[in-house]
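Enquirer: Please find structure.cif (mmCIF, C-alpha atoms and all ligand atoms) on the next line:
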```
data_entry
#
loop_
_atom_site.label_atom_id
_atom_site.label_comp_id
_atom_site.auth_asym_id
_atom_site.auth_seq_id
_atom_site.Cartn_x
_atom_site.Cartn_y
_atom_site.Cartn_z
CA MET A 1 0.00 0.00 0.00
CA THR A 2 1.04 3.62 -0.17
CA CYS A 3 1.82 5.78 2.86
CA CYS A 4 -0.91 8.37 2.14
CA GLY A 5 -3.58 5.85 1.05
CA LYS A 6 -3.47 7.18 -2.53
CA HIS A 7 -1.83 5.91 -5.71
CA HIS A 8 -1.86 8.42 -8.58
CA GLY A 9 -4.68 10.22 -6.76
CA VAL A 10 -6.80 7.05 -6.36
CA ASP A 11 -7.87 5.65 -2.97
CA THR A 12 -5.77 2.57 -2.18
CA GLU A 13 -7.28 2.17 1.27
CA PRO A 14 -10.95 1.41 1.74
CA ARG A 15 -13.38 4.21 2.46
CA ALA A 16 -16.51 3.27 4.39
CA PHE A 17 -19.81 3.38 2.50
CA ALA A 18 -23.24 2.43 3.85
CA ILE A 19 -25.46 0.31 1.61
CA ALA A 20 -28.06 2.91 0.55
CA ASP A 21 -30.27 0.52 -1.39
CA PHE A 22 -30.25 -2.78 -3.26
CA TRP A 23 -32.56 -4.82 -5.46
CA GLU A 24 -32.62 -8.15 -7.29
CA GLU A 25 -31.80 -8.02 -11.01
CA ALA A 26 -32.31 -11.77 -11.45
CA GLU A 27 -31.83 -14.89 -9.37
CA ASN A 28 -28.59 -14.47 -7.36
CA ILE A 29 -27.77 -11.14 -9.05
CA ARG A 30 -28.23 -7.99 -7.00
CA THR A 31 -27.43 -4.32 -7.61
CA PHE A 32 -26.06 -2.43 -4.57
CA VAL A 33 -26.22 1.37 -4.33
CA PHE A 34 -23.82 3.59 -2.38
CA HIS A 35 -23.92 7.36 -2.07
CA GLY A 36 -20.74 9.10 -3.25
CA THR A 37 -18.31 8.73 -6.12
CA LEU A 38 -15.11 6.88 -7.00
CA HIS A 39 -14.52 9.24 -9.94
CA SER A 40 -14.44 6.24 -12.19
CA LYS A 41 -14.49 5.89 -15.96
CA PRO A 42 -16.64 3.23 -17.65
CA GLY A 43 -15.02 -0.22 -17.54
CA GLN A 44 -12.95 0.44 -14.42
CA PHE A 45 -13.35 -1.65 -11.26
CA CYS A 46 -13.19 -1.16 -7.50
CA MET A 47 -12.26 -3.40 -4.57
CA LEU A 48 -15.14 -4.06 -2.19
CA TRP A 49 -14.20 -5.00 1.36
CA ILE A 50 -16.72 -6.98 3.35
CA PRO A 51 -15.71 -6.49 7.02
CA GLY A 52 -14.67 -9.72 8.71
CA CYS A 53 -14.80 -11.63 5.45
CA ASP A 54 -12.77 -10.68 2.34
CA GLU A 55 -12.10 -8.05 -0.30
CA LYS A 56 -13.05 -8.67 -3.96
CA PRO A 57 -12.96 -6.81 -7.30
CA PHE A 58 -16.17 -5.63 -8.98
CA SER A 59 -16.82 -3.58 -12.10
CA ILE A 60 -18.48 -0.23 -11.56
CA ALA A 61 -21.97 -0.30 -13.06
CA ARG A 62 -22.68 3.36 -12.43
CA ASP A 63 -20.76 6.30 -10.98
CA TYR A 64 -22.62 9.55 -11.59
CA ASP A 65 -25.24 11.81 -9.98
CA GLY A 66 -23.80 10.99 -6.55
CA GLU A 67 -24.47 7.24 -6.77
CA ILE A 68 -22.19 4.25 -7.18
CA TRP A 69 -23.85 1.01 -8.35
CA LEU A 70 -22.31 -2.46 -8.30
CA THR A 71 -24.16 -5.39 -9.86
CA ILE A 72 -23.01 -8.54 -8.12
CA CYS A 73 -23.58 -12.24 -8.68
CA LYS A 74 -23.61 -14.53 -5.62
CA VAL A 75 -21.02 -17.22 -6.36
CA GLY A 76 -19.00 -17.97 -3.22
CA PRO A 77 -18.15 -17.02 0.38
CA ALA A 78 -17.60 -13.26 -0.04
CA THR A 79 -20.60 -12.59 -2.24
CA GLU A 80 -22.76 -14.84 -0.03
CA LYS A 81 -21.78 -12.75 2.99
CA LEU A 82 -22.45 -9.53 1.05
CA PHE A 83 -25.97 -10.75 0.23
CA THR A 84 -26.72 -11.08 3.98
CA LEU A 85 -26.05 -7.37 4.59
CA LYS A 86 -28.91 -4.90 5.03
CA LYS A 87 -29.50 -1.26 4.11
CA GLY A 88 -27.29 0.92 6.31
CA ASP A 89 -24.64 -1.77 6.83
CA LYS A 90 -21.17 -0.54 6.01
CA ILE A 91 -18.63 -1.96 3.58
CA GLY A 92 -15.34 -0.53 2.26
CA LEU A 93 -14.63 0.58 -1.29
CA ARG A 94 -11.32 1.55 -2.86
CA GLY A 95 -10.51 2.55 -6.40
CA ALA A 96 -11.42 3.18 -9.12
CA PHE A 97 -8.71 1.01 -10.67
CA GLY A 98 -7.61 -0.21 -14.04
CA HIS A 99 -7.93 0.75 -17.65
CA GLY A 100 -11.53 1.22 -18.77
CA PHE A 101 -13.19 1.16 -22.19
CA THR A 102 -12.28 3.67 -24.90
CA ILE A 103 -14.93 6.34 -25.32
CA LEU A 104 -15.15 7.66 -28.89
CA GLU A 105 -14.72 11.38 -29.31
CA LYS A 106 -17.63 13.40 -30.63
CA ILE A 107 -17.20 14.05 -34.37
CA PRO A 108 -17.34 17.81 -35.05
CA PRO A 109 -19.83 18.69 -37.79
CA ALA A 110 -18.17 18.99 -41.23
CA PRO A 111 -17.97 22.70 -42.23
CA PHE A 112 -19.52 22.04 -45.65
CA LYS A 113 -22.46 20.14 -44.13
CA LYS A 114 -23.62 22.75 -41.64
CA GLY A 115 -25.65 21.39 -38.77
CA GLU A 116 -25.50 17.83 -40.07
CA GLU A 117 -24.40 15.66 -37.18
CA GLN A 118 -22.16 12.68 -37.85
CA LYS A 119 -22.70 9.82 -35.45
CA GLN A 120 -20.48 6.88 -34.63
CA ASN A 121 -22.02 3.45 -34.31
CA VAL A 122 -21.05 1.69 -31.09
CA VAL A 123 -22.19 -1.85 -30.30
CA LEU A 124 -21.93 -3.19 -26.75
CA VAL A 125 -22.29 -6.92 -26.11
CA GLY A 126 -23.03 -8.06 -22.55
CA GLY A 127 -23.57 -11.44 -20.96
CA GLY A 128 -24.58 -12.05 -17.32
CA TYR A 129 -23.45 -9.38 -14.85
CA GLY A 130 -21.07 -8.07 -17.57
CA THR A 131 -24.02 -6.16 -19.03
CA ALA A 132 -24.07 -3.74 -16.06
CA PRO A 133 -20.74 -1.91 -16.63
CA LEU A 134 -21.56 -1.71 -20.35
CA HIS A 135 -24.62 0.42 -19.54
CA PHE A 136 -22.34 3.04 -17.94
CA THR A 137 -20.14 2.79 -21.03
CA GLY A 138 -23.14 3.21 -23.37
CA LYS A 139 -24.39 6.25 -21.50
CA THR A 140 -20.98 7.93 -21.85
CA HIS A 141 -20.82 7.10 -25.59
CA ALA A 142 -24.34 8.50 -26.07
CA GLU A 143 -23.34 11.72 -24.29
CA ASN A 144 -20.55 12.03 -26.88
CA GLY A 145 -23.09 11.75 -29.68
CA SER A 146 -22.64 8.09 -30.67
CA ASP A 147 -25.50 5.76 -31.54
CA VAL A 148 -25.49 2.92 -29.04
CA THR A 149 -26.72 -0.62 -29.57
CA MET A 150 -26.76 -3.00 -26.64
CA ILE A 151 -26.83 -6.73 -27.34
CA ILE A 152 -27.72 -8.60 -24.15
CA GLY A 153 -27.47 -12.34 -23.77
CA ALA A 154 -28.76 -14.76 -21.16
CA ARG A 155 -29.67 -18.42 -20.91
CA SER A 156 -33.36 -17.50 -20.58
CA GLU A 157 -35.66 -14.53 -19.94
CA ASN A 158 -35.58 -14.82 -16.13
CA LEU A 159 -31.78 -14.40 -16.17
CA LEU A 160 -31.76 -11.28 -18.35
CA ILE A 161 -30.51 -8.17 -16.61
CA TRP A 162 -30.36 -4.46 -17.45
CA ASP A 163 -32.49 -4.90 -20.61
CA LYS A 164 -35.25 -2.54 -19.43
CA LYS A 165 -32.69 0.04 -18.26
CA SER A 166 -31.02 -0.19 -21.65
CA GLU A 167 -34.31 0.47 -23.49
CA LYS A 168 -35.14 3.31 -21.10
CA SER A 169 -31.78 4.92 -21.83
CA GLY A 170 -32.66 4.99 -25.53
CA PHE A 171 -30.15 2.35 -26.64
CA ARG A 172 -31.24 0.07 -29.46
CA THR A 173 -31.60 -3.10 -27.36
CA LEU A 174 -31.30 -6.55 -28.93
CA ILE A 175 -31.76 -9.68 -26.86
CA ALA A 176 -30.50 -13.22 -27.39
CA THR A 177 -31.54 -16.10 -25.16
CA ASN A 178 -30.33 -19.68 -25.47
CA ASP A 179 -33.86 -21.05 -25.14
CA GLY A 180 -35.56 -18.35 -27.25
CA SER A 181 -37.83 -17.32 -24.34
CA VAL A 182 -37.28 -13.70 -25.40
CA GLY A 183 -35.48 -12.10 -28.35
CA VAL A 184 -33.47 -14.14 -30.81
CA GLU A 185 -32.97 -17.81 -29.98
CA GLY A 186 -29.22 -18.35 -29.81
CA PHE A 187 -26.18 -16.39 -28.79
CA THR A 188 -25.21 -12.72 -28.76
CA THR A 189 -22.59 -13.61 -31.38
CA HIS A 190 -25.38 -14.48 -33.88
CA VAL A 191 -26.94 -11.04 -33.37
CA LEU A 192 -23.58 -9.28 -33.70
CA GLU A 193 -22.69 -11.24 -36.84
CA LYS A 194 -25.90 -10.04 -38.51
CA LEU A 195 -25.23 -6.41 -37.53
CA ILE A 196 -21.65 -6.53 -38.80
CA SER A 197 -22.87 -7.84 -42.17
CA THR A 198 -25.52 -5.12 -42.56
CA GLU A 199 -24.06 -1.91 -41.10
CA LYS A 200 -20.81 -0.07 -40.53
CA ILE A 201 -19.76 -0.43 -36.89
CA ASP A 202 -17.11 1.90 -35.46
CA LEU A 203 -16.47 0.03 -32.21
CA VAL A 204 -17.57 -3.16 -30.44
CA GLN A 205 -17.04 -3.49 -26.69
CA THR A 206 -17.89 -6.60 -24.72
CA CYS A 207 -18.05 -7.80 -21.12
CA GLY A 208 -19.29 -11.20 -20.03
CA PRO A 209 -18.33 -14.87 -20.14
CA GLU A 210 -14.83 -15.20 -21.57
CA LYS A 211 -15.78 -17.75 -24.21
CA MET A 212 -18.38 -15.30 -25.55
CA MET A 213 -15.84 -12.47 -25.57
CA LYS A 214 -13.28 -14.65 -27.38
CA ALA A 215 -15.81 -15.50 -30.13
CA ILE A 216 -16.60 -11.78 -30.48
CA ALA A 217 -12.92 -10.80 -30.55
CA GLU A 218 -12.24 -13.39 -33.28
CA MET A 219 -15.22 -12.23 -35.34
CA CYS A 220 -14.26 -8.55 -35.08
CA LEU A 221 -10.62 -9.21 -35.96
CA GLU A 222 -11.71 -11.21 -39.01
CA LYS A 223 -14.14 -8.47 -40.14
CA ASN A 224 -11.76 -5.62 -39.29
CA VAL A 225 -14.06 -4.03 -36.71
CA PRO A 226 -12.29 -2.35 -33.73
CA CYS A 227 -13.11 -4.30 -30.57
CA GLU A 228 -12.35 -4.20 -26.85
CA VAL A 229 -12.98 -6.87 -24.21
CA SER A 230 -13.00 -6.77 -20.41
CA ILE A 231 -10.86 -9.53 -18.87
CA GLU A 232 -11.23 -10.70 -15.26
CA ARG A 233 -8.18 -12.14 -13.58
CA PHE A 234 -7.52 -12.87 -9.91
CA MET A 235 -6.91 -9.49 -8.26
CA LYS A 236 -5.83 -8.56 -4.76
CA CYS A 237 -4.33 -5.07 -4.58
CA GLY A 238 -5.92 -3.73 -7.78
CA PHE A 239 -3.16 -1.25 -8.58
CA GLY A 240 -0.02 -3.12 -9.61
CA VAL A 241 1.67 -3.96 -6.29
CA CYS A 242 0.92 -7.59 -5.35
CA GLY A 243 1.61 -9.33 -8.68
CA GLN A 244 -1.44 -11.60 -8.27
CA CYS A 245 -2.88 -10.72 -11.69
CA VAL A 246 0.30 -11.00 -13.78
CA THR A 247 -0.29 -12.48 -17.23
CA GLU A 248 1.99 -14.95 -19.00
CA THR A 249 3.43 -11.99 -20.89
CA GLY A 250 4.45 -10.43 -17.54
CA GLU A 251 1.85 -7.66 -17.63
CA LYS A 252 -0.45 -6.77 -14.74
CA MET A 253 -4.05 -7.16 -15.76
CA CYS A 254 -5.22 -4.73 -13.06
CA GLN A 255 -3.23 -2.02 -14.82
CA ILE A 256 -3.30 -2.80 -18.57
CA GLY A 257 -6.92 -4.00 -18.18
CA PRO A 258 -9.48 -5.09 -17.43
CA CYS A 259 -10.41 -3.51 -20.79
CA VAL A 260 -7.97 -4.34 -23.59
CA SER A 261 -8.14 -4.49 -27.38
CA ALA A 262 -9.19 -7.72 -29.09
CA GLN A 263 -5.67 -7.97 -30.54
CA LYS A 264 -4.14 -7.78 -27.07
CA ALA A 265 -6.61 -10.29 -25.61
CA MET A 266 -5.89 -12.78 -28.39
CA SER A 267 -2.16 -12.53 -27.61
CA PHE A 268 -2.84 -14.17 -24.21
CA SER A 269 -2.80 -17.96 -24.56
CA ASP A 270 -5.19 -18.25 -21.59
CA PHE A 271 -7.88 -15.94 -23.05
CA GLY A 272 -11.10 -17.92 -23.40
CA ASN A 273 -9.41 -21.07 -22.13
CA TYR A 274 -8.52 -20.73 -18.45
CA HIS A 275 -7.70 -18.30 -15.65
CA ARG A 276 -5.64 -18.66 -12.50
CA GLY A 277 -6.99 -19.11 -8.99
CA PRO A 278 -5.61 -17.68 -5.73
CA GLU A 279 -2.66 -20.11 -5.65
CA GLY A 280 -1.86 -19.56 -9.32
CA GLN A 281 -3.50 -22.85 -10.35
CA LYS A 282 -5.15 -23.08 -13.78
CA VAL A 283 -8.96 -23.01 -13.68
CA SER A 284 -10.87 -23.73 -16.91
CA TRP A 285 -13.71 -21.41 -17.87
C1 LIG A 301 -11.95 -6.69 -12.89
C2 LIG A 301 -13.03 -7.58 -12.32
C3 LIG A 301 -14.34 -7.15 -12.36
C4 LIG A 301 -15.36 -7.96 -11.83
N1 LIG A 301 -16.63 -7.48 -11.87
C5 LIG A 301 -17.63 -8.20 -11.32
C6 LIG A 301 -18.96 -7.70 -11.29
O1 LIG A 301 -19.24 -6.59 -11.76
N2 LIG A 301 -19.92 -8.48 -10.72
C7 LIG A 301 -19.64 -9.71 -10.19
O2 LIG A 301 -20.55 -10.38 -9.70
N3 LIG A 301 -18.37 -10.21 -10.20
C8 LIG A 301 -17.37 -9.49 -10.75
N4 LIG A 301 -16.08 -9.98 -10.75
C9 LIG A 301 -15.85 -11.32 -10.18
C10 LIG A 301 -15.81 -11.24 -8.67
O3 LIG A 301 -14.62 -10.60 -8.25
C11 LIG A 301 -15.84 -12.68 -8.08
O4 LIG A 301 -17.07 -13.29 -8.45
C12 LIG A 301 -15.74 -12.65 -6.58
O5 LIG A 301 -14.44 -12.33 -6.23
C13 LIG A 301 -16.16 -13.97 -6.00
O6 LIG A 301 -15.83 -14.04 -4.64
P1 LIG A 301 -16.54 -15.13 -3.71
O7 LIG A 301 -15.79 -15.23 -2.44
O8 LIG A 301 -17.99 -14.85 -3.61
O9 LIG A 301 -16.42 -16.49 -4.55
P2 LIG A 301 -15.18 -17.47 -4.72
O10 LIG A 301 -15.71 -18.85 -4.50
O11 LIG A 301 -13.99 -17.01 -3.96
O12 LIG A 301 -14.84 -17.32 -6.27
C14 LIG A 301 -15.78 -17.54 -7.31
C15 LIG A 301 -15.12 -17.15 -8.63
O13 LIG A 301 -14.60 -15.82 -8.55
C16 LIG A 301 -13.18 -15.81 -8.78
N5 LIG A 301 -12.54 -14.91 -7.81
C17 LIG A 301 -12.47 -15.09 -6.47
N6 LIG A 301 -11.75 -14.13 -5.91
C18 LIG A 301 -11.32 -13.33 -6.93
C19 LIG A 301 -10.47 -12.19 -7.00
N7 LIG A 301 -9.91 -11.66 -5.90
N8 LIG A 301 -10.22 -11.65 -8.21
C20 LIG A 301 -10.79 -12.15 -9.33
N9 LIG A 301 -11.58 -13.24 -9.32
C21 LIG A 301 -11.82 -13.83 -8.14
C22 LIG A 301 -12.74 -17.23 -8.53
O14 LIG A 301 -11.54 -17.51 -9.25
C23 LIG A 301 -13.90 -18.03 -9.00
O15 LIG A 301 -13.89 -18.17 -10.41
C24 LIG A 301 -15.05 -9.22 -11.27
C25 LIG A 301 -13.72 -9.65 -11.24
C26 LIG A 301 -12.72 -8.85 -11.76
C27 LIG A 301 -11.29 -9.31 -11.73
S1 LIG A 302 -4.00 -7.16 -8.46
FE1 LIG A 302 -2.12 -6.74 -7.51
S2 LIG A 302 -0.77 -6.43 -9.18
FE2 LIG A 302 -2.71 -6.65 -10.11
#
```
Let's see the structure in the file written out as structure tokens.
Expert:
Amino acid sequence: MTCCGKHHGVDTEPRAFAIADFWEEAENIRTFVFHGTLHSKPGQFCMLWIPGCDEKPFSIARDYDGEIWLTICKVGPATEKLFTLKKGDKIGLRGAFGHGFTILEKIPPAPFKKGEEQKQNVVLVGGGYGTAPLHFTGKTHAENGSDVTMIIGARSENLLIWDKKSEKSGFRTLIATNDGSVGVEGFTTHVLEKLISTEKIDLVQTCGPEKMMKAIAEMCLEKNVPCEVSIERFMKCGFGVCGQCVTETGEKMCQIGPCVSAQKAMSFSDFGNYHRGPEGQKVSW
């Protein structure tokens, strides 16, 4: 840690936040609200400390208008403990950390086409809780004048999250479910493939299961569409000190990522295949 609790102006020691609100997004997926800000950019993450239990990394689903939102899936001891907490209970947050998603600059109107706005076409592809940080990303793109399409995937309708919020935010929202209970029957990749073949896309960004992101990265590289993915690796400090998240190329994922280009992701032999657990052991996706 650092002596003043800051690293490049970012909190490296937890600050206490009370749980202001929470609600269920789907079975075992809950969004938690805290009042304040981590001054984060879309795609960055924070470390959430659950007193007496553990500290874990989570993507920031919203950080504006005085509210921080984290959308969290209950998968093991720390998240189980978090789900027992009530409104008013305190946790610790530090961050924001890492390299977020690229936000496209607004295109200035061409002088010879006065008043005619040129828009960039951004497509965001989310699966599971990965959809939540993409909403923050989409909002920021939209503020910069881009058209935003959100492709959201889930196994079935009852596991879909953030689809209504996406529609409400004015994003073109396309759904894919494995069982066809809502939207297209199949995978988000099928929906993206169709879009790529029918329109010019300036940027694809994706967050979700790694196998899905790998398929998207491969498709975008083949079709020459710029693409970024958000890679989760085991993280402890979150800001480059502990070495827990080092890749096989010797880079620290908490610093170069979690959001990296498709080219960079494909240079990691583990991408889409396995990740490493707390003792460095290989764990298949
Ligand atoms: C950059 C980043 C962003 C993430 N964003 C979200 C999010 O928005 N929502 C969400 O639900 N989850 C997110 N995760 C995953 C989340 O950190 C794990 O689900 C959580 O740590 C599980 O802890 P647990 O004790 O409940 O379960 P465990 O049983 O300890 O672990 C369950 C799974 O989480 C992985 N995991 C455990 N500890 C860590 C750790 N310190 N770093 C990375 N992975 C770990 C394990 O390898 C295992 O695959 C993110 C992870 C990273 C690295
Ligand atoms: S999590 Fe410690 S160096 Fe990346």
Enquirer: List as a PyMOL selection string the protein and nucleic acid residues lying within 8 Å of ligand LIG 301 (chain A), with all atoms listed in the file counted.
Expert: chain A and resi 29+44-46+54-61+70-81+98+129-130+132-133+230-236+254+257-258+275-278+283
Enquirer: Between atom CA of Val246 of chain A and atom S2 of ligand LIG 302 (chain A), what distance in Å does the model show, to one decimal?
Expert: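 Value for the atom CA of Val246 of chain A-atom S2 of ligand LIG 302 (chain A) distance: 6.6 Å.
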Enquirer: From the list A:Asn224, A:Gln255, A:Thr12, A:Thr140, which residue is nearest ligand LIG 302 (chain A) when using only C-alpha atoms and all ligand atoms?
Expert: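 With only C-alpha atoms and all ligand atoms as the atom set, the closest residue is A:Gln255.
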Enquirer: Given the choices A:Thr206, A:Gln263, A:Gln281, A:Thr247, which gets closest to ligand LIG 302 (chain A) if the distance is worked out from all atoms listed in the file?
Expert: A:Thr247
Enquirer: Around ligand LIG 302 (chain A), which protein and nucleic acid residues have at least one atom no more than 6 Å from it, if we count all atoms listed in the file? List them as a PyMOL selection string.
Expert: chain A and resi 235-245+252-254
Enquirer: Could you dump the residues just selected with C-alpha atoms as a compact mmCIF listing (two decimals), in the frame of the given file?
Expert:
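Saved the output as again.txt:
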```txt
# COMPACT_ATOMS: atom_id res chain seq x y z
CA MET A 235 -6.91 -9.49 -8.26
CA LYS A 236 -5.83 -8.56 -4.76
CA CYS A 237 -4.33 -5.07 -4.58
CA GLY A 238 -5.92 -3.73 -7.78
CA PHE A 239 -3.16 -1.25 -8.58
CA GLY A 240 -0.02 -3.12 -9.61
CA VAL A 241 1.67 -3.96 -6.29
CA CYS A 242 0.92 -7.59 -5.35
CA GLY A 243 1.61 -9.33 -8.68
CA GLN A 244 -1.44 -11.60 -8.27
CA CYS A 245 -2.88 -10.72 -11.69
CA LYS A 252 -0.45 -6.77 -14.74
CA MET A 253 -4.05 -7.16 -15.76
CA CYS A 254 -5.22 -4.73 -13.06
```
Enquirer: List the neighbours of Asp65 of chain A out to 10 Å using all atoms listed in the file; skip same-chain residues closer than 4 positions along the sequence, and give me the result as a list of chain:residue names.
Expert: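 Using all atoms listed in the file, the neighbours found are A:His35, A:Gly36, A:Thr37.
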Enquirer: What does the structure give for the distance between atom CA of Arg62 of chain A and atom CA of His190 of chain A, in Å to one decimal?
Expert: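 Calculated distance between atom CA of Arg62 of chain A and atom CA of His190 of chain A is 28.0 Å.
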Enquirer: Please measure the separation of atom CA of Glu218 of chain A and atom CA of Gly170 of chain A, giving the value in Å to one decimal.
Expert: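 Calculated distance between atom CA of Glu218 of chain A and atom CA of Gly170 of chain A is 28.5 Å.
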Enquirer: Taking (-17.6, -9.5, -21.9) in the file's coordinates as the center, which residues reach within 8 Å of it, counting all atoms listed in the file, put as a list in words?
Expert: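 It turns out the residues near that spot are Val125, Gly126, Gly127, Gly130, Thr131, Gln205, Thr206, Cys207, Gly208, Pro209, Glu210, Met212, Met213, Val229, Ser230 and Ile231 of chain A.
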Enquirer: Have a look at A:Glu27, A:Asp147, A:Glu185, A:Glu248 and name the one nearest to Leu124 of chain A; count only C-alpha atoms.
Expert: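 When distances to Leu124 of chain A are compared using only C-alpha atoms, the smallest one comes from A:Asp147.
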Enquirer: Which is closest to Pro42 of chain A among A:Lys214, A:Arg172, A:Arg155, A:Lys139, if we use only C-alpha atoms?
Expert: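 Using only C-alpha atoms, Pro42 of chain A sits closest to A:Lys139.
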Enquirer: Could you give me the axis-aligned bounding box of segment 80-83 of chain A, with 5 Å of padding per side, as centre plus edge lengths in Å to one decimal, as lines of an AutoDock Vina configuration file?
Expert:
```
center_x = -23.9
center_y = -12.2
center_z = 1.5
size_x = 14.2
size_y = 15.3
size_z = 13.0
```
Enquirer: Which is closest to Lys164 of chain A among A:Met150, A:Glu105, A:Gly43, A:Trp69, if we use only C-alpha atoms?
Expert: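 Closest candidate: A:Met150.
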Enquirer: Choose the residue, out of A:Thr102, A:Asn144, A:Ser284, A:Thr188, that has the smallest atom-to-atom separation from Leu174 of chain A; count only C-alpha atoms.
Expert: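 Using only C-alpha atoms, Leu174 of chain A sits closest to A:Thr188.
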Enquirer: Would you kindly identify which residues have an atom no farther than 12 Å from (-12.4, -11.8, -36.3), using all atoms listed in the file and the file's own coordinates, and write them out as a VMD selection string?
Expert: chain A and resid 189 192 to 193 196 204 213 to 227 262 to 263 266
Enquirer: Residues as selected, C-alpha atoms, written as a PDB file, in the coordinates of the input, can you do that?
Expert:
```pdb
ATOM      1  CA  THR A 189     -22.590 -13.610 -31.380  1.00  0.00           C
ATOM      2  CA  LEU A 192     -23.580  -9.280 -33.700  1.00  0.00           C
ATOM      3  CA  GLU A 193     -22.690 -11.240 -36.840  1.00  0.00           C
ATOM      4  CA  ILE A 196     -21.650  -6.530 -38.800  1.00  0.00           C
ATOM      5  CA  VAL A 204     -17.570  -3.160 -30.440  1.00  0.00           C
ATOM      6  CA  MET A 213     -15.840 -12.470 -25.570  1.00  0.00           C
ATOM      7  CA  LYS A 214     -13.280 -14.650 -27.380  1.00  0.00           C
ATOM      8  CA  ALA A 215     -15.810 -15.500 -30.130  1.00  0.00           C
ATOM      9  CA  ILE A 216     -16.600 -11.780 -30.480  1.00  0.00           C
ATOM     10  CA  ALA A 217     -12.920 -10.800 -30.550  1.00  0.00           C
ATOM     11  CA  GLU A 218     -12.240 -13.390 -33.280  1.00  0.00           C
ATOM     12  CA  MET A 219     -15.220 -12.230 -35.340  1.00  0.00           C
ATOM     13  CA  CYS A 220     -14.260  -8.550 -35.080  1.00  0.00           C
ATOM     14  CA  LEU A 221     -10.620  -9.210 -35.960  1.00  0.00           C
ATOM     15  CA  GLU A 222     -11.710 -11.210 -39.010  1.00  0.00           C
ATOM     16  CA  LYS A 223     -14.140  -8.470 -40.140  1.00  0.00           C
ATOM     17  CA  ASN A 224     -11.760  -5.620 -39.290  1.00  0.00           C
ATOM     18  CA  VAL A 225     -14.060  -4.030 -36.710  1.00  0.00           C
ATOM     19  CA  PRO A 226     -12.290  -2.350 -33.730  1.00  0.00           C
ATOM     20  CA  CYS A 227     -13.110  -4.300 -30.570  1.00  0.00           C
ATOM     21  CA  ALA A 262      -9.190  -7.720 -29.090  1.00  0.00           C
ATOM     22  CA  GLN A 263      -5.670  -7.970 -30.540  1.00  0.00           C
ATOM     23  CA  MET A 266      -5.890 -12.780 -28.390  1.00  0.00           C
TER      24      MET A 266
END
```
